[in-house]
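Novice: Contents of model-v4.cif (mmCIF, C-alpha atoms) are below:
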```
data_data
loop_
_atom_site.label_atom_id
_atom_site.label_comp_id
_atom_site.auth_asym_id
_atom_site.auth_seq_id
_atom_site.Cartn_x
_atom_site.Cartn_y
_atom_site.Cartn_z
CA MET E 17 0.00 0.00 0.00
CA ASN E 18 2.19 2.74 -1.33
CA ASP E 19 0.94 6.28 -0.67
CA THR E 20 1.67 7.36 -4.21
CA VAL E 21 -0.74 4.79 -5.59
CA GLN E 22 -3.97 6.31 -6.79
CA VAL E 23 -6.91 4.64 -5.15
CA ILE E 24 -10.45 4.74 -6.45
CA LYS E 25 -12.93 4.55 -3.59
CA VAL E 26 -16.20 2.71 -3.80
CA GLY E 27 -18.90 3.74 -1.32
CA ILE E 28 -21.66 1.63 0.16
CA ALA E 29 -24.03 0.18 -2.46
CA ASP E 30 -21.74 1.44 -5.20
CA MET E 31 -19.42 -0.01 -7.86
CA ASN E 32 -16.60 1.01 -10.15
CA ILE E 33 -13.90 -0.43 -12.39
CA VAL E 34 -10.18 0.38 -12.61
CA ARG E 35 -7.07 -0.39 -14.65
CA THR E 36 -3.43 -0.48 -13.57
CA PRO E 37 -1.88 1.69 -12.07
CA TYR E 38 -5.01 2.49 -10.06
CA HIS E 39 -6.10 0.49 -7.05
CA ILE E 40 -9.72 0.12 -6.01
CA ARG E 41 -10.93 0.02 -2.44
CA THR E 42 -14.01 -0.03 -0.27
CA SER E 43 -14.12 0.64 3.46
CA GLY E 44 -16.10 -0.72 6.34
CA LEU E 45 -17.65 -3.87 4.95
CA GLY E 46 -19.81 -5.45 7.63
CA SER E 47 -22.68 -7.63 6.53
CA CYS E 48 -22.13 -6.17 3.06
CA VAL E 49 -20.02 -8.11 0.57
CA GLY E 50 -17.20 -6.63 -1.47
CA VAL E 51 -16.92 -8.56 -4.71
CA VAL E 52 -13.96 -8.04 -7.04
CA ILE E 53 -14.15 -9.39 -10.59
CA TYR E 54 -11.00 -9.09 -12.69
CA ASP E 55 -9.14 -10.01 -15.85
CA GLN E 56 -5.50 -10.34 -14.92
CA GLY E 57 -4.18 -10.30 -18.50
CA LYS E 58 -5.90 -6.98 -19.18
CA GLU E 59 -5.09 -5.62 -15.71
CA LEU E 60 -8.70 -4.60 -15.37
CA ALA E 61 -10.79 -5.03 -12.23
CA GLY E 62 -14.21 -4.07 -10.97
CA LEU E 63 -15.47 -3.87 -7.40
CA ALA E 64 -19.01 -3.75 -6.07
CA HIS E 65 -20.06 -3.09 -2.47
CA VAL E 66 -23.20 -5.23 -2.25
CA MET E 67 -25.66 -4.58 0.55
CA LEU E 68 -28.60 -6.92 -0.06
CA PRO E 69 -28.91 -10.36 -1.64
CA ASP E 70 -31.75 -9.99 -4.07
CA SER E 71 -33.30 -7.16 -6.08
CA THR E 72 -36.74 -8.68 -5.57
CA LEU E 73 -36.40 -7.35 -2.00
CA ALA E 74 -36.63 -3.84 -3.45
CA LYS E 75 -39.89 -2.29 -2.40
CA GLY E 76 -39.66 0.84 -4.50
CA GLY E 77 -39.80 1.41 -8.25
CA ALA E 78 -36.37 2.49 -9.46
CA PHE E 79 -33.48 1.10 -7.45
CA ASN E 80 -29.74 1.26 -7.26
CA ILE E 81 -28.38 -1.76 -9.14
CA ALA E 82 -25.09 -1.76 -7.20
CA LYS E 83 -26.98 -2.50 -3.98
CA TYR E 84 -28.18 -6.01 -4.81
CA ALA E 85 -26.03 -9.08 -5.40
CA ASP E 86 -27.86 -10.23 -8.52
CA THR E 87 -27.95 -6.89 -10.34
CA ALA E 88 -24.51 -5.75 -9.16
CA VAL E 89 -22.67 -8.85 -10.42
CA LYS E 90 -24.49 -8.61 -13.74
CA GLU E 91 -23.68 -4.93 -14.21
CA LEU E 92 -20.08 -5.40 -13.13
CA VAL E 93 -19.55 -8.19 -15.66
CA ASN E 94 -21.17 -6.08 -18.40
CA ARG E 95 -18.99 -3.09 -17.65
CA LEU E 96 -15.83 -5.19 -17.59
CA LEU E 97 -16.67 -6.81 -20.92
CA LYS E 98 -17.45 -3.42 -22.43
CA ASN E 99 -14.01 -2.24 -21.36
CA GLY E 100 -12.18 -5.09 -23.01
CA ALA E 101 -12.21 -7.87 -20.45
CA ARG E 102 -12.49 -11.40 -21.88
CA ASP E 103 -15.35 -13.37 -20.38
CA TYR E 104 -13.38 -16.64 -20.23
CA SER E 105 -10.60 -15.08 -18.14
CA LEU E 106 -12.76 -13.42 -15.50
CA LYS E 107 -12.04 -14.43 -11.93
CA ALA E 108 -13.45 -13.22 -8.63
CA LYS E 109 -12.41 -12.60 -5.06
CA LEU E 110 -14.77 -11.68 -2.29
CA ALA E 111 -14.74 -10.48 1.28
CA GLY E 112 -17.31 -9.42 3.85
CA GLY E 113 -20.64 -10.94 4.82
CA ALA E 114 -19.91 -10.77 8.52
CA GLN E 115 -22.45 -11.19 11.27
CA MET E 116 -21.75 -7.96 13.13
CA PHE E 117 -24.16 -8.48 15.98
CA GLN E 118 -25.37 -11.67 17.55
CA PHE E 119 -29.11 -11.65 17.99
CA SER E 120 -31.40 -14.47 18.87
CA SER E 121 -34.08 -12.81 16.76
CA SER E 122 -35.88 -14.98 14.26
CA ASN E 123 -35.86 -12.13 11.77
CA ASP E 124 -34.18 -13.31 8.61
CA MET E 125 -32.69 -9.85 8.10
CA MET E 126 -30.41 -10.56 11.04
CA ARG E 127 -28.43 -13.09 9.06
CA ILE E 128 -28.05 -10.83 6.08
CA GLY E 129 -24.27 -11.35 5.89
CA PRO E 130 -24.34 -15.08 5.06
CA ARG E 131 -27.26 -14.50 2.70
CA ASN E 132 -25.31 -11.85 0.81
CA VAL E 133 -22.38 -14.22 0.42
CA GLU E 134 -24.62 -17.04 -0.84
CA ALA E 135 -26.29 -14.72 -3.33
CA VAL E 136 -23.02 -13.36 -4.71
CA LYS E 137 -21.65 -16.89 -5.11
CA ARG E 138 -24.82 -17.99 -6.88
CA GLU E 139 -24.53 -15.12 -9.35
CA LEU E 140 -20.84 -15.75 -9.99
CA ALA E 141 -21.61 -19.41 -10.63
CA ALA E 142 -24.29 -18.39 -13.13
CA TYR E 143 -21.63 -16.47 -15.08
CA LYS E 144 -19.15 -19.33 -14.61
CA ILE E 145 -16.69 -17.04 -12.86
CA ALA E 146 -14.30 -18.92 -10.58
CA ILE E 147 -13.85 -17.65 -7.02
CA VAL E 148 -10.10 -17.63 -6.47
CA GLY E 149 -10.10 -16.32 -2.94
CA GLU E 150 -12.55 -15.38 -0.23
CA ASP E 151 -12.58 -14.09 3.30
CA VAL E 152 -16.18 -14.14 4.38
CA GLY E 153 -18.27 -14.52 7.52
CA GLY E 154 -16.95 -14.01 11.01
CA ASN E 155 -17.95 -10.97 13.03
CA SER E 156 -15.59 -8.19 12.16
CA GLY E 157 -15.60 -5.36 9.68
CA ARG E 158 -13.22 -5.32 6.73
CA THR E 159 -11.61 -2.76 4.48
CA ILE E 160 -10.44 -4.18 1.16
CA GLU E 161 -8.16 -2.88 -1.56
CA PHE E 162 -7.44 -4.57 -4.88
CA ASP E 163 -4.49 -4.09 -7.22
CA PRO E 164 -5.40 -5.13 -10.78
CA LYS E 165 -1.71 -5.66 -11.64
CA THR E 166 -0.82 -8.19 -8.97
CA CYS E 167 -4.45 -9.27 -8.45
CA LEU E 168 -3.91 -9.30 -4.72
CA LEU E 169 -6.73 -8.34 -2.42
CA ASN E 170 -5.52 -6.52 0.66
CA ILE E 171 -7.86 -7.11 3.62
CA ARG E 172 -7.71 -5.12 6.82
CA THR E 173 -9.72 -5.96 9.93
CA VAL E 174 -9.75 -4.36 13.34
CA ASN E 175 -8.95 -7.51 15.28
CA LYS E 176 -6.86 -9.55 12.90
CA GLY E 177 -4.68 -6.95 11.23
CA VAL E 178 -3.82 -6.92 7.55
CA PHE E 179 -3.32 -9.79 5.12
CA GLU E 180 -3.42 -10.40 1.40
CA LEU E 181 -5.51 -12.82 -0.51
CA MET K 30 -39.39 6.37 -1.30
CA SER K 31 -42.83 7.68 -0.41
CA PHE K 32 -41.97 8.81 3.10
CA LEU K 33 -39.04 10.84 1.87
CA GLU K 34 -40.97 12.61 -0.82
CA LYS K 35 -43.67 13.68 1.59
CA ILE K 36 -41.44 14.82 4.39
CA SER K 37 -41.64 18.53 5.26
CA THR K 38 -39.86 20.87 7.64
CA VAL K 39 -42.70 20.36 10.14
CA HIS K 40 -41.97 16.65 10.10
CA LEU K 41 -38.27 17.25 10.58
CA ASP K 42 -39.02 19.51 13.54
CA VAL K 43 -41.19 16.82 15.08
CA LEU K 44 -38.37 14.31 14.69
CA LYS K 45 -35.95 16.79 16.20
CA GLU K 46 -38.16 16.99 19.26
CA VAL K 47 -38.25 13.20 19.39
CA GLY K 48 -34.45 13.20 19.47
CA ASN K 49 -34.40 16.00 22.01
CA ILE K 50 -36.63 14.22 24.51
CA GLY K 51 -35.06 10.82 24.05
CA ALA K 52 -31.46 11.87 24.21
CA GLY K 53 -32.17 14.39 26.97
CA ASN K 54 -33.36 11.60 29.21
CA ALA K 55 -30.46 9.39 28.19
CA ALA K 56 -27.96 12.17 28.94
CA THR K 57 -29.51 12.61 32.38
CA ALA K 58 -29.19 8.88 32.99
CA LEU K 59 -25.56 8.96 31.92
CA SER K 60 -24.87 11.95 34.11
CA THR K 61 -26.44 10.19 37.13
CA LEU K 62 -24.60 6.98 36.44
CA LEU K 63 -21.19 8.60 36.20
CA ASN K 64 -21.91 11.43 38.59
CA LYS K 65 -20.59 14.08 36.25
CA LYS K 66 -21.83 16.76 33.92
CA ILE K 67 -22.78 15.69 30.43
CA ASP K 68 -23.66 18.24 27.77
CA MET K 69 -26.07 17.47 25.00
CA ARG K 70 -26.09 19.21 21.65
CA VAL K 71 -29.25 20.29 19.89
CA PRO K 72 -30.32 17.26 17.86
CA LYS K 73 -29.85 17.22 14.15
CA VAL K 74 -32.32 15.60 11.84
CA ARG K 75 -30.98 15.03 8.40
CA VAL K 76 -31.88 13.21 5.27
CA VAL K 77 -28.59 11.65 4.21
CA SER K 78 -27.20 9.13 1.77
CA PHE K 79 -25.68 6.01 3.32
CA ASP K 80 -22.17 7.30 2.67
CA GLU K 81 -22.99 10.61 4.36
CA MET K 82 -24.34 8.72 7.33
CA MET K 83 -20.93 7.02 7.75
CA GLU K 84 -19.25 10.41 7.58
CA MET K 85 -21.46 11.67 10.43
CA ALA K 86 -19.87 9.04 12.66
CA GLY K 87 -16.33 9.81 11.55
CA GLY K 88 -16.00 7.94 8.25
CA PRO K 89 -16.48 4.27 7.39
CA GLU K 90 -13.04 3.20 8.61
CA ASN K 91 -13.12 5.02 11.91
CA ILE K 92 -13.07 2.50 14.75
CA VAL K 93 -15.71 3.02 17.40
CA ALA K 94 -17.46 1.28 20.24
CA SER K 95 -21.12 0.95 19.44
CA VAL K 96 -24.16 -0.41 21.18
CA PHE K 97 -26.84 -1.41 18.74
CA LEU K 98 -30.39 -2.40 19.42
CA ARG K 99 -33.51 -3.03 17.46
CA ILE K 100 -36.64 -1.23 18.52
CA GLU K 101 -39.63 -3.50 18.43
CA GLY K 102 -43.31 -2.76 18.96
CA ASP K 103 -45.52 -0.15 17.29
CA ALA K 104 -42.78 1.76 15.48
CA PRO K 105 -39.82 -0.50 14.77
CA GLY K 106 -36.41 0.89 14.02
CA SER K 107 -32.74 0.72 14.83
CA MET K 108 -30.76 2.63 17.37
CA PHE K 109 -27.06 3.13 17.82
CA PHE K 110 -25.11 4.64 20.66
CA VAL K 111 -21.69 5.34 19.18
CA LEU K 112 -18.66 6.29 21.27
CA SER K 113 -15.09 7.06 20.33
CA LEU K 114 -12.71 4.41 21.73
CA GLU K 115 -11.12 7.06 23.90
CA GLN K 116 -14.43 8.02 25.46
CA ALA K 117 -15.59 4.43 25.79
CA SER K 118 -12.44 3.51 27.72
CA THR K 119 -12.91 6.53 30.01
CA PHE K 120 -16.46 5.41 30.76
CA ILE K 121 -15.30 1.84 31.38
CA GLN K 122 -12.56 3.02 33.72
CA GLN K 123 -15.08 5.07 35.69
CA MET K 124 -17.61 2.27 35.90
CA THR K 125 -15.29 -0.62 36.72
CA GLY K 126 -12.62 1.25 38.67
CA ASP K 127 -9.99 -0.38 36.48
CA SER K 128 -7.82 2.55 35.49
CA GLN K 129 -5.59 0.36 33.32
CA PHE K 130 -8.24 -0.53 30.80
CA SER K 131 -7.61 0.32 27.19
CA PHE K 132 -8.69 -0.81 23.74
CA ALA K 133 -5.06 -1.22 22.70
CA LYS K 134 -5.27 -4.91 22.00
CA PRO K 135 -8.04 -7.47 21.79
CA PRO K 136 -9.41 -9.61 23.30
CA TYR K 137 -10.92 -7.08 25.63
CA ASP K 138 -11.66 -7.64 29.27
CA GLU K 139 -15.02 -9.33 29.71
CA ILE K 140 -16.08 -7.22 32.70
CA ALA K 141 -15.23 -4.07 30.77
CA MET K 142 -17.30 -5.15 27.77
CA SER K 143 -20.17 -6.09 30.04
CA ALA K 144 -20.01 -2.68 31.71
CA LEU K 145 -20.08 -0.90 28.38
CA GLN K 146 -22.98 -2.98 27.21
CA GLU K 147 -24.87 -2.18 30.38
CA LEU K 148 -24.14 1.50 29.87
CA GLY K 149 -25.63 1.23 26.40
CA ASN K 150 -28.56 -0.69 27.81
CA ILE K 151 -29.36 1.96 30.42
CA LEU K 152 -28.99 4.86 28.01
CA SER K 153 -30.94 3.39 25.17
CA GLY K 154 -33.57 2.16 27.61
CA SER K 155 -34.07 5.66 28.99
CA TYR K 156 -34.11 7.09 25.46
CA LEU K 157 -36.79 4.64 24.39
CA SER K 158 -38.98 4.80 27.47
CA SER K 159 -39.15 8.60 27.28
CA LEU K 160 -39.97 8.30 23.61
CA SER K 161 -42.63 5.76 24.41
CA ASP K 162 -44.17 8.07 27.06
CA PHE K 163 -44.09 11.01 24.70
CA THR K 164 -45.69 9.26 21.74
CA LYS K 165 -47.90 6.81 23.71
CA LEU K 166 -46.56 4.09 21.45
CA ASP K 167 -45.41 0.71 22.70
CA LEU K 168 -41.70 0.48 22.02
CA TYR K 169 -39.47 -2.29 23.32
CA PRO K 170 -35.73 -2.47 23.02
CA SER K 171 -34.12 -5.74 21.97
CA VAL K 172 -31.22 -6.95 24.07
CA PRO K 173 -28.43 -4.56 23.07
CA ALA K 174 -25.42 -5.85 21.20
CA LEU K 175 -21.97 -4.36 21.54
CA SER K 176 -19.39 -4.14 18.82
CA ILE K 177 -15.95 -2.54 18.58
CA ASP K 178 -15.37 -2.14 14.88
CA MET K 179 -15.39 0.12 11.85
CA VAL K 180 -18.24 2.61 11.54
CA GLY K 181 -19.11 1.33 8.07
CA ALA K 182 -19.48 -2.24 9.23
CA ILE K 183 -21.61 -1.29 12.22
CA ILE K 184 -23.89 1.38 10.79
CA SER K 185 -24.63 -0.49 7.57
CA PHE K 186 -26.30 -3.17 9.65
CA GLY K 187 -28.86 -0.67 10.88
CA LEU K 188 -29.49 0.54 7.35
CA ILE K 189 -30.56 -2.84 6.00
CA GLU K 190 -34.30 -2.42 6.64
CA LEU K 191 -34.19 1.03 5.14
CA SER K 192 -32.05 0.05 2.20
CA GLN K 193 -34.85 -2.09 0.82
CA VAL K 194 -36.94 0.95 0.05
CA SER K 195 -34.53 3.82 -0.22
CA ASP K 196 -30.97 4.97 -0.77
CA PHE K 197 -31.38 7.64 1.87
CA ALA K 198 -31.89 7.57 5.61
CA ILE K 199 -33.58 10.01 7.93
CA VAL K 200 -31.30 10.09 10.90
CA ILE K 201 -31.96 11.69 14.25
CA ASP K 202 -28.54 12.42 15.62
CA THR K 203 -27.84 13.76 19.10
CA ALA K 204 -24.26 14.37 20.11
CA LEU K 205 -23.03 14.29 23.71
CA ASP K 206 -20.05 16.15 25.14
CA ASP K 207 -18.15 15.24 28.24
CA ASP K 208 -17.41 18.39 30.20
CA ASP K 209 -14.40 17.07 32.08
CA TYR K 210 -12.47 16.18 29.01
CA ASN K 211 -9.34 18.32 28.84
CA GLY K 212 -8.45 18.57 25.24
CA PRO K 213 -9.79 19.84 22.01
CA LYS K 214 -13.53 20.11 22.40
CA SER K 215 -14.90 17.37 20.27
CA VAL K 216 -18.02 15.31 20.09
CA LYS K 217 -17.76 12.29 22.33
CA GLY K 218 -20.80 10.24 21.61
CA HIS K 219 -23.72 10.00 19.24
CA PHE K 220 -27.19 8.63 19.44
CA PHE K 221 -28.49 7.62 16.06
CA LEU K 222 -32.15 6.76 15.78
CA LEU K 223 -33.17 5.19 12.49
CA PRO K 224 -36.88 4.48 12.31
CA ASP K 225 -37.89 1.85 9.77
CA PRO K 226 -39.60 3.31 6.68
CA ASP K 227 -43.11 2.42 7.81
CA SER K 228 -42.57 3.81 11.28
CA PHE K 229 -42.44 7.47 10.30
CA GLU K 230 -46.15 7.68 9.59
CA ILE K 231 -46.91 5.92 12.88
CA ILE K 232 -44.73 8.34 14.85
CA PHE K 233 -46.25 11.36 13.12
CA GLN K 234 -49.78 10.13 13.69
CA ALA K 235 -49.08 9.41 17.33
CA LEU K 236 -47.95 13.02 17.72
CA GLY K 237 -50.92 14.44 15.84
CA VAL K 238 -49.06 15.53 12.74
CA THR K 239 -50.72 14.49 9.53
CA GLU K 240 -48.77 13.24 6.64
CA ASN K 241 -49.60 16.16 4.33
CA GLU K 242 -48.77 18.98 6.68
#
```
Would you mind writing the file's structure down as structure tokens?

Specialist:
Amino acid sequence: MNDTVQVIKVGIADMNIVRTPYHIRTSGLGSCVGVVIYDQGKELAGLAHVMLPDSTLAKGGAFNIAKYADTAVKELVNRLLKNGARDYSLKAKLAGGAQMFQFSSSNDMMRIGPRNVEAVKRELAAYKIAIVGEDVGGNSGRTIEFDPKTCLLNIRTVNKGVFEL
Amino acid sequence: MSFLEKISTVHLDVLKEVGNIGAGNAATALSTLLNKKIDMRVPKVRVVSFDEMMEMAGGPENIVASVFLRIEGDAPGSMFFVLSLEQASTFIQQMTGDSQFSFAKPPYDEIAMSALQELGNILSGSYLSSLSDFTKLDLYPSVPALSIDMVGAIISFGLIELSQVSDFAIVIDTALDDDDYNGPKSVKGHFFLLPDPDSFEIIFQALGVTENE
């Protein structure tokens, strides 16, 4: 994590794509899932900060496609392909989906983290994108940063420090 | 999005009063518990994007101690009591008498965590019961959960209900100051009240404000 590296930040329920020499990062993933899809040969990577598993949960009319696992993965793949990524070489890494608070509540919303992870994996499988690395579940927040050149995902947590995936 | 489109300044003022009464009682409880003066700021009610909400608590990567609870009953919602680590350790030291306590390295002392959770329990309980008296609504707190983590990870959990209908949150934010703190005057704690989307109408009706005012 060199300070001179330009980092593109992705907010909550947001997505973006980058090329070398830029890095892409998102901060404070809790129950949300950060999914990185990349083409190493093209040094091109996209990241989405997914908040909810399924766009059928949307109760309004228009909605933000980066918020839901199904629509976010679809849009991310489309954008990557439009920018020259090759569909056969796409790979994915993901992090997040933690259970931040332990509740005995029966409310299904309380286990949103695992559900987000399942949904993202289901979507990636539908596009036949291999998951090369993942750090999901647990109960701590994560900040992730991806370098499209090395294809390493840097994961920082409060309790476990920093490691690369 | 309906509740956001219909919201007016009258509604925001009503919510501000909700925050004022709730946090006022909680600040009094805190002051009694610690036997010291606690200042409360005038509540802010803002319609914010999720990213802006993180910024209100110091940015998504800022590490805080937070007590979270779900409000159940007539007007469900989420509530956070967010403290800086510095302030949380001061409170813990005062409550447990352990002057050595710090958040320097996990795992944290169990008694200390229990004390902090109880602090959150008492404060949010007094916030909610005053709110319940004021609105004549039945509101019950869930058992509070404590987490020491990044703001983004913590707050996003409380936004999940809301995020199904909207990309914006109405947040009732009351900041607390600790008078004894010798240093740059900065905000020490926040109460965030995040009613679920359907709860706004119920709160307004309970207070005699119609939706179209």

Novice: Neighbours of Val136 in chain E within 12 Å (all atoms listed in the file; same-chain residues fewer than 2 positions away dropped), as an mmCIF file with C-alpha atoms, keeping the file's coordinate frame?

Specialist:
```cif
data_model
loop_
_atom_site.group_PDB
_atom_site.id
_atom_site.type_symbol
_atom_site.label_atom_id
_atom_site.label_comp_id
_atom_site.auth_asym_id
_atom_site.auth_seq_id
_atom_site.Cartn_x
_atom_site.Cartn_y
_atom_site.Cartn_z
ATOM 1 C CA CYS E 48 -22.130 -6.170 3.060
ATOM 2 C CA VAL E 49 -20.020 -8.110 0.570
ATOM 3 C CA GLY E 50 -17.200 -6.630 -1.470
ATOM 4 C CA VAL E 51 -16.920 -8.560 -4.710
ATOM 5 C CA VAL E 52 -13.960 -8.040 -7.040
ATOM 6 C CA ILE E 53 -14.150 -9.390 -10.590
ATOM 7 C CA ALA E 64 -19.010 -3.750 -6.070
ATOM 8 C CA HIS E 65 -20.060 -3.090 -2.470
ATOM 9 C CA VAL E 66 -23.200 -5.230 -2.250
ATOM 10 C CA MET E 67 -25.660 -4.580 0.550
ATOM 11 C CA LEU E 68 -28.600 -6.920 -0.060
ATOM 12 C CA PRO E 69 -28.910 -10.360 -1.640
ATOM 13 C CA ASP E 70 -31.750 -9.990 -4.070
ATOM 14 C CA LYS E 83 -26.980 -2.500 -3.980
ATOM 15 C CA TYR E 84 -28.180 -6.010 -4.810
ATOM 16 C CA ALA E 85 -26.030 -9.080 -5.400
ATOM 17 C CA ASP E 86 -27.860 -10.230 -8.520
ATOM 18 C CA THR E 87 -27.950 -6.890 -10.340
ATOM 19 C CA ALA E 88 -24.510 -5.750 -9.160
ATOM 20 C CA VAL E 89 -22.670 -8.850 -10.420
ATOM 21 C CA LYS E 90 -24.490 -8.610 -13.740
ATOM 22 C CA LEU E 92 -20.080 -5.400 -13.130
ATOM 23 C CA ALA E 108 -13.450 -13.220 -8.630
ATOM 24 C CA LYS E 109 -12.410 -12.600 -5.060
ATOM 25 C CA LEU E 110 -14.770 -11.680 -2.290
ATOM 26 C CA ALA E 111 -14.740 -10.480 1.280
ATOM 27 C CA GLY E 112 -17.310 -9.420 3.850
ATOM 28 C CA GLY E 113 -20.640 -10.940 4.820
ATOM 29 C CA GLY E 129 -24.270 -11.350 5.890
ATOM 30 C CA PRO E 130 -24.340 -15.080 5.060
ATOM 31 C CA ARG E 131 -27.260 -14.500 2.700
ATOM 32 C CA ASN E 132 -25.310 -11.850 0.810
ATOM 33 C CA VAL E 133 -22.380 -14.220 0.420
ATOM 34 C CA GLU E 134 -24.620 -17.040 -0.840
ATOM 35 C CA ARG E 138 -24.820 -17.990 -6.880
ATOM 36 C CA GLU E 139 -24.530 -15.120 -9.350
ATOM 37 C CA LEU E 140 -20.840 -15.750 -9.990
ATOM 38 C CA ALA E 141 -21.610 -19.410 -10.630
ATOM 39 C CA ALA E 142 -24.290 -18.390 -13.130
ATOM 40 C CA TYR E 143 -21.630 -16.470 -15.080
ATOM 41 C CA ILE E 145 -16.690 -17.040 -12.860
ATOM 42 C CA ALA E 146 -14.300 -18.920 -10.580
ATOM 43 C CA ILE E 147 -13.850 -17.650 -7.020
ATOM 44 C CA GLU E 150 -12.550 -15.380 -0.230
ATOM 45 C CA VAL E 152 -16.180 -14.140 4.380
#
```

Novice: On this structure, the PyMOL selection byres ((chain K) within 6 of (chain E)) would catch which residues? List them as JSON, numbers by chain, sorted by chain and number.

Specialist: {"K": [89, 90, 174, 179, 181, 182, 193, 194]}

Novice: Between CA of Leu168 in chain K and CA of Tyr156 in chain K, what is the distance in Å, rounded to a tenth?

Specialist: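 The value is 10.6 Å.
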
Novice: Measure the distance from CA of Val34 in chain E to CA of Glu84 in chain K in Å and round it to one decimal.

Specialist: 24.3 Å

Novice: Written as number ranges by chain, what is the full residue list that the PyMOL selection byres ((chain K and resi 51) around 12) yields on the file shown?

Specialist: K: 44-50, 52-58, 69, 71-72, 108, 152-164, 201-203, 220-222

Novice: Return range 35-48 of chain K, completed with N, CA, C and O atoms, as a PDB file, in the frame of the given file.

Specialist:
```pdb
ATOM      1  N   LYS K  35     -42.614  12.931   0.903  1.00  0.00           N
ATOM      2  CA  LYS K  35     -43.670  13.680   1.590  1.00  0.00           C
ATOM      3  C   LYS K  35     -43.159  14.449   2.798  1.00  0.00           C
ATOM      4  O   LYS K  35     -43.904  15.206   3.404  1.00  0.00           O
ATOM      5  N   ILE K  36     -41.911  14.238   3.143  1.00  0.00           N
ATOM      6  CA  ILE K  36     -41.440  14.820   4.390  1.00  0.00           C
ATOM      7  C   ILE K  36     -41.282  16.344   4.269  1.00  0.00           C
ATOM      8  O   ILE K  36     -40.834  16.842   3.241  1.00  0.00           O
ATOM      9  N   SER K  37     -41.722  17.073   5.297  1.00  0.00           N
ATOM     10  CA  SER K  37     -41.640  18.530   5.260  1.00  0.00           C
ATOM     11  C   SER K  37     -40.829  19.022   6.457  1.00  0.00           C
ATOM     12  O   SER K  37     -40.425  18.231   7.305  1.00  0.00           O
ATOM     13  N   THR K  38     -40.639  20.327   6.527  1.00  0.00           N
ATOM     14  CA  THR K  38     -39.860  20.870   7.640  1.00  0.00           C
ATOM     15  C   THR K  38     -40.589  20.654   8.969  1.00  0.00           C
ATOM     16  O   THR K  38     -39.956  20.498  10.002  1.00  0.00           O
ATOM     17  N   VAL K  39     -41.939  20.631   8.909  1.00  0.00           N
ATOM     18  CA  VAL K  39     -42.700  20.360  10.140  1.00  0.00           C
ATOM     19  C   VAL K  39     -42.352  18.972  10.655  1.00  0.00           C
ATOM     20  O   VAL K  39     -42.098  18.765  11.841  1.00  0.00           O
ATOM     21  N   HIS K  40     -42.308  18.019   9.724  1.00  0.00           N
ATOM     22  CA  HIS K  40     -41.970  16.650  10.100  1.00  0.00           C
ATOM     23  C   HIS K  40     -40.571  16.582  10.702  1.00  0.00           C
ATOM     24  O   HIS K  40     -40.341  15.920  11.708  1.00  0.00           O
ATOM     25  N   LEU K  41     -39.648  17.277  10.077  1.00  0.00           N
ATOM     26  CA  LEU K  41     -38.270  17.250  10.580  1.00  0.00           C
ATOM     27  C   LEU K  41     -38.202  17.848  11.985  1.00  0.00           C
ATOM     28  O   LEU K  41     -37.472  17.357  12.837  1.00  0.00           O
ATOM     29  N   ASP K  42     -38.997  18.902  12.206  1.00  0.00           N
ATOM     30  CA  ASP K  42     -39.020  19.510  13.540  1.00  0.00           C
ATOM     31  C   ASP K  42     -39.585  18.547  14.570  1.00  0.00           C
ATOM     32  O   ASP K  42     -39.104  18.487  15.703  1.00  0.00           O
ATOM     33  N   VAL K  43     -40.601  17.803  14.172  1.00  0.00           N
ATOM     34  CA  VAL K  43     -41.190  16.820  15.080  1.00  0.00           C
ATOM     35  C   VAL K  43     -40.139  15.765  15.445  1.00  0.00           C
ATOM     36  O   VAL K  43     -39.965  15.408  16.612  1.00  0.00           O
ATOM     37  N   LEU K  44     -39.400  15.315  14.439  1.00  0.00           N
ATOM     38  CA  LEU K  44     -38.370  14.310  14.690  1.00  0.00           C
ATOM     39  C   LEU K  44     -37.255  14.866  15.564  1.00  0.00           C
ATOM     40  O   LEU K  44     -36.665  14.163  16.382  1.00  0.00           O
ATOM     41  N   LYS K  45     -36.978  16.147  15.387  1.00  0.00           N
ATOM     42  CA  LYS K  45     -35.950  16.790  16.200  1.00  0.00           C
ATOM     43  C   LYS K  45     -36.364  16.769  17.672  1.00  0.00           C
ATOM     44  O   LYS K  45     -35.556  16.512  18.569  1.00  0.00           O
ATOM     45  N   GLU K  46     -37.641  17.019  17.894  1.00  0.00           N
ATOM     46  CA  GLU K  46     -38.160  16.990  19.260  1.00  0.00           C
ATOM     47  C   GLU K  46     -38.098  15.570  19.833  1.00  0.00           C
ATOM     48  O   GLU K  46     -37.795  15.377  21.007  1.00  0.00           O
ATOM     49  N   VAL K  47     -38.374  14.609  18.984  1.00  0.00           N
ATOM     50  CA  VAL K  47     -38.250  13.200  19.390  1.00  0.00           C
ATOM     51  C   VAL K  47     -36.834  12.924  19.882  1.00  0.00           C
ATOM     52  O   VAL K  47     -36.614  12.345  20.950  1.00  0.00           O
ATOM     53  N   GLY K  48     -35.857  13.392  19.105  1.00  0.00           N
ATOM     54  CA  GLY K  48     -34.450  13.200  19.470  1.00  0.00           C
ATOM     55  C   GLY K  48     -34.100  13.956  20.739  1.00  0.00           C
ATOM     56  O   GLY K  48     -33.347  13.486  21.587  1.00  0.00           O
TER      57      GLY K  48
END
```
